[in-house]
Every structure is written in structure tokens, then in C-alpha cells.
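Trainee: This is the structure I want to talk about, given as C-alpha cells.
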Amino acid sequence: MSRELSEQEINRRHKLAQIREMGIEPYPAALYNVTHLSSDIKTDFDHAQIEQYREETVSLAGRLMMVRDMGKAAFAELQDSSGRIQLYIQRDEICPADDVDKNYYKTFFKKLLDIGDYIGITGYKFKTKVGEISIHVKSLQLLSKALSPLPIVKTDAEGNKHDEFLDPEQRYRMRYVDLAVNDFVKPLFMRRFKMMQSIRNFFNAQGWIEVETPVLQPIHGGAAARPFKTHHNTLDMPLYLRIANELYLKRLIVGGFDGVYEMGKMFRNEGMDRTHNPEFTALELYVAYKDYFWMMDMTEKMLSTVVQEVCGAAVIEVGNHQIDFASTYTRLTMYEAIEKYTGIDISEMDEQQIRQVCHQLHVHIDNTMGRGKLIDEIFGAKVEQNLIQPTFIIDYPIEMSPLCKKHRSKPGLVERFELFINCKEVANAYSELNDPIDQRERFEEQLRLAARGDEEAMVLDEDFLRSLEYGMPPTSGIGFGIDRLAMLLTNQVSIQELLFFPQMKPEKMD
RNA sequence: GAUUCCGUAGCUCAGCUGGUAGAGCAAUACACUUUUAAUGUAUGGGCCCUGGGUUCGAAUCCCAGCGGGAUCACCA
């Protein structure tokens, strides 16, 4: 990359050279002994001990974020991983004894250091005249010179922010800058990772095992989606980035695990927008000897626990709604849900009649759609928008669910549920299909759909069928969209806010 | 993919019905030993996204392209 340097970038390179001329290494190799985080200093500050603090040396490191130069003294702000703290720096204290011209302060500190530079300081805790907890600096060392100026975000006395770094493109492309200057970013990610940890804790406490299954798969199974295709040179064969890990996790249940789960990246070669990224994180869990009713109970328990742990309350604000994760979630069958929000009972209707209903409701459909797909379209257009509070929609048409067990008592349906929260699908679960002969027929039906032109139809996985023939216990499985869940728990509408590095168009570097 | 808005200094943005650019912050220099968006004084900084067109003259009007946002549709 070659580009013209801005005035400020040239300045900083000159300063870098001058620092070296002074005999100071701008990128020292040695570790810097940090004794405190800025947050420790602030939370542990004891006013009764201000006198004793003078004798107690603390050492901090971080970025220099602001300097208020007062002549022979200055105030500065140091930002470390835990926040910011003010530094008070006096000329005569930081200059070495032999530095008679006070160049360490006058030249090095005042002229050659910039906002964004990493520094380490030692000093003691104190409080300024106006009461701000600060560090009285006794020594200051450059740890890493920054050659590009950071966007300066300033907050005034009323809390108004000035010159904010808010352009989404810049923020996502340069997440390192976003994290450095925007204090609202890190807490979102902390909450996301706390949520993932809380889920893991919950599952581990049940004795379920966290496993890893292939990302590169010869057959992309387990979901209906277009995959990314790649090629393995040594084997000279095509491989697909997984769109789901379902079929591998079930093989592990066949192998004798009682409960396995995996939290990992899935890849789908489809649209991108504020709720879809080409790679996203899914959680899948399979538990032997259970059914989908049990899984609904588990889901309620898990989510109420996790939300309580992560948000400190089980009722949280999402958009304009208070969403209650603690109560028992409403359970509606697909047919009941459609009847509730359209007034039409389609449970006994055939494909032609349902097609009529679609026209009547102004639901957009096309001729390739079968009965199951038509029902799904009505649901998407008329029901989803109403499902604010956590709601289980259960008993789906069999056509849409080739990996799900037939309903124990309702012909044409499967034992499946999806969990909707704030109008979005958050989880999808089955009583898993473990009848190998039925499974083969379902795959064959998918092949027929593919032949009709359905690009998302599933591919027949012969090895998976073989595994079922060795016997899979009755099992219930569930998949959660982790990014979606994180969006709910952080009240964010854009998935990009919960991904450190969302997929972007290639950047032009001229 | 459709609609719509935007692209001006390092950053955030002004710039009217066309007359070749402005503010605040940042930068540079000086002053100031308890400030906190520190302050005061001074200075430098622009291919006005790109390419065409209209015009005596375009940051401004028109067309095309590139980049981005928002909304809508499909997928988690």
C-alpha cells in the first residue's frame, strides 16, 4: 500500500526520528511491569489514606488520550483496558537529574509524544483540587509510538460527545480504532462473551460435552442454505464450508454421548444485511432420550438463567418492548398461530385451498411452492411480526423439515418447534428423526425438490444414513443463533455491532 | 436486488437561485506548575469522490461510474 501521508502522519514520523536521536527507543522490547489498572485505582481509592499513598508507587500503562498542557506541568489522560485515569505530570519530577535543560519534559514529553502513543508511568495516587482521582507521575516511558492520529472523541461537561467516530464503514473496517476511541463498543462484546460463557456453564453443569466437528465438509448437510465451495489440493476434491453441524453431532449421539453441543461458526453464501453475515455463530445441542417437549422446558430454563446472569434481570428492554425471559413461554402450533392472527383455520386444507388463502391474504407466492412452503409464507407474512414475547411455535409441516421426526399423533406434521423473540427466530429444535428408512425417504424427497430447481434442498448424506442404521437413541436437538441472541441481550438491531470484524466489501487502498 | 440519501481540511460538518472555499476540533509555534471539551496569541493545511457534459465560468446544475448509509424484499 502506498499512499500520500497526511501532514500529521509526516509529523509523527519526524518525531519518531527525533525520539531515536535523543537515544530513546520508541518500540522497546522489554516487558513493562504494570501493577494497577485504572479501574482498580478508582474503585479502591480511600480518602482516609491520601497521605500514605504518597509513599506507595503504582505503575500503569496504556494509551495517551489527551494532554492539557499548563506550562511546567500538564494533565494527561491514560486509557488502559479498564478505562481512563488522569495523570498529573510536573516538569521537574519526570526529568532525570542530569537533564539540566529539562529536555525530557520540554522536548520529549511536550513535543514528541502524541495522542495515541502507548506509555508506561509510575507515580502515586492522589486527588486534584477539584476532586478527580489521578496519578502524580514520577516517571514516564514511551512503550510504543503511534504513527497515525486517532480520531479524538471529546465529552463535555454535559456529557455531549464531539467529533465522534461513528461512520459504520470506518468503525467496522478499523475495529481497532473503534474500540480505542468509542467507549460504548467494548461493553457490547463483553456482554456477548459473558452470554456465551453463561450458556456453556449451564450446559456443562448438565454434564453435556462441548465438541468440535468439521468445518470443511464433503457434503454440506443439516440445513437448507447455499454453501461456500472450496477445493482441497491433496485430495483433489471439492469441500464445503459447513452450513450446519447437525449431522455430525447426531453421529456422536449414535456413538454413545448423552449430550453434546458445539458453539461455532457456520457459513452461508447468501444475502448480507443488518441481521445476516456470511459467517455467523450457531449453538447446537443434542441430548439423548429426550423429545421436543423436554427441549422446550430446557430452553426456558436456560434462557431465563442466562439472561438473569448476563443482564442482571430476566425482564429486559429490547427496542420499545419489555421482554420477559422468566415466565413460561407461550406455545402455539403453527396452525393455531396462523388461525390466531388471520382468523383462518388451514389445518385441513390441501395445497390448492391454501394457495387461495395466500391470494386472499395478499401473501406473495410462486408456483414452485409446495404446501409446506405456502404455510411458511403465510406464517412469515402474518404471524412473525406479532411474536414479541418468547413464543414456541410447534408442529411444522413435514415438507419443510427433512431431519425431524414425524409427529407422534398428527399426520403430516413433525415434532419441531421454533422459538421466536422480538419477531425473530432465535432457535429451532426437533425430536430428531432416528428412523433410518424414513430418513432415507426424506432425503430422496429433497433430491426431487432439488431436481425441481430448489437450490436450498438438502443433499443426501450416505454416511449419515449409515450411522442411523447402527441405531441412534431417541434424541432432541436444538440450534440457537448466537449472534441474534446477543443482539437481543444488548438491545442492538445490527449484527455488525456484535461481530468484531463483520464481512465488508474489499477496501480500496490506492 | 429495488427505492432513497450522502461523498468538501486529519476528524465533525457549513457552503443559498452557478462567480475557482469556511468554522470548531486536531496539527505547528509561543506563553502558562491543580487542569479537565483547559485557556490565550499566531501559523500552516483542500484534485470540493472519479469521468464526461451544460456554461464566459461548476464544490454547486445534468449524465455515467465508484464508495457508503438508510428503508424494503429473501436467507439464521
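Simple scheme: letters A, B, ... for chains in C-alpha cells order, numbers from 1 for residues in each chain, numbers from 1 for ligands in the order shown.
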Mind running chain B against chain A at 8 Å and telling me each contacting residue's nearest atom pair with the distance in Å (one decimal), counting only C-alpha atoms (C1' of nucleotides), chain and number ascending, as a Markdown table?
Mentor:
| residue | atom | partner | partner_atom | distance |
| --- | --- | --- | --- | --- |
| B:G10 | C1' | A:Gln8 | CA | 6.7 |
| B:C11 | C1' | A:Pro151 | CA | 5.9 |
| B:U12 | C1' | A:Asp163 | CA | 4.6 |
| B:C25 | C1' | A:Asp163 | CA | 7.3 |
| B:A26 | C1' | A:Ile152 | CA | 7.6 |
| B:A27 | C1' | A:Gln8 | CA | 6.1 |
| B:A31 | C1' | A:Gly71 | CA | 7.7 |
| B:C32 | C1' | A:Gly71 | CA | 4.8 |
| B:U33 | C1' | A:Ala73 | CA | 4.9 |
| B:U34 | C1' | A:Lys129 | CA | 5.6 |
| B:U35 | C1' | A:Phe75 | CA | 6.2 |
| B:U36 | C1' | A:Arg68 | CA | 7.8 |
| B:A37 | C1' | A:Asp156 | CA | 4.8 |
| B:A38 | C1' | A:Arg68 | CA | 6.1 |
| B:G45 | C1' | A:Glu7 | CA | 7.7 |
| B:G68 | C1' | A:Glu169 | CA | 7.1 |
| B:C74 | C1' | A:Gly271 | CA | 7.7 |
| B:C75 | C1' | A:Glu270 | CA | 6.2 |
| B:A76 | C1' | A:Gly481 | CA | 6.1 |
Trainee: Need the shell around Pro474 of chain A: protein/DNA/RNA residues with any atom at most 8 Å away, counting only C-alpha atoms (C1' of nucleotides). Skip same-chain ones fewer than 5 positions apart. Format as a list in words?
Mentor: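 The neighbour list is Ala288, Tyr289, Lys290, Asp291, Ser431, Glu432 and Asn434 of chain A.
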Trainee: May I ask which of the residues B:C30, B:C72, B:A23, B:C66 is the closest one to U50 of chain B, counting only C-alpha atoms (C1' of nucleotides)?
Mentor: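 Answer, going by the shortest atom-to-atom distance: B:C66.
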Trainee: Can you pull out every residue within 9 Å of segment 305-310 of chain A, counting only C-alpha atoms (C1' of nucleotides), but drop anything in the same chain fewer than 2 positions away, and send it as number ranges by chain?
Mentor: A: 191-192, 194-196, 198-199, 202, 300-303, 312-316, 325-326, 489
Trainee: Using DSSP assignments from the backbone, pull out every residue in segment 269-408 of chain A that falls under helix (DSSP H, G or I) and give it to me as a VMD selection string.
Mentor: chain A and resid 292 to 311 334 to 342 351 to 360 371 to 386 398 to 400
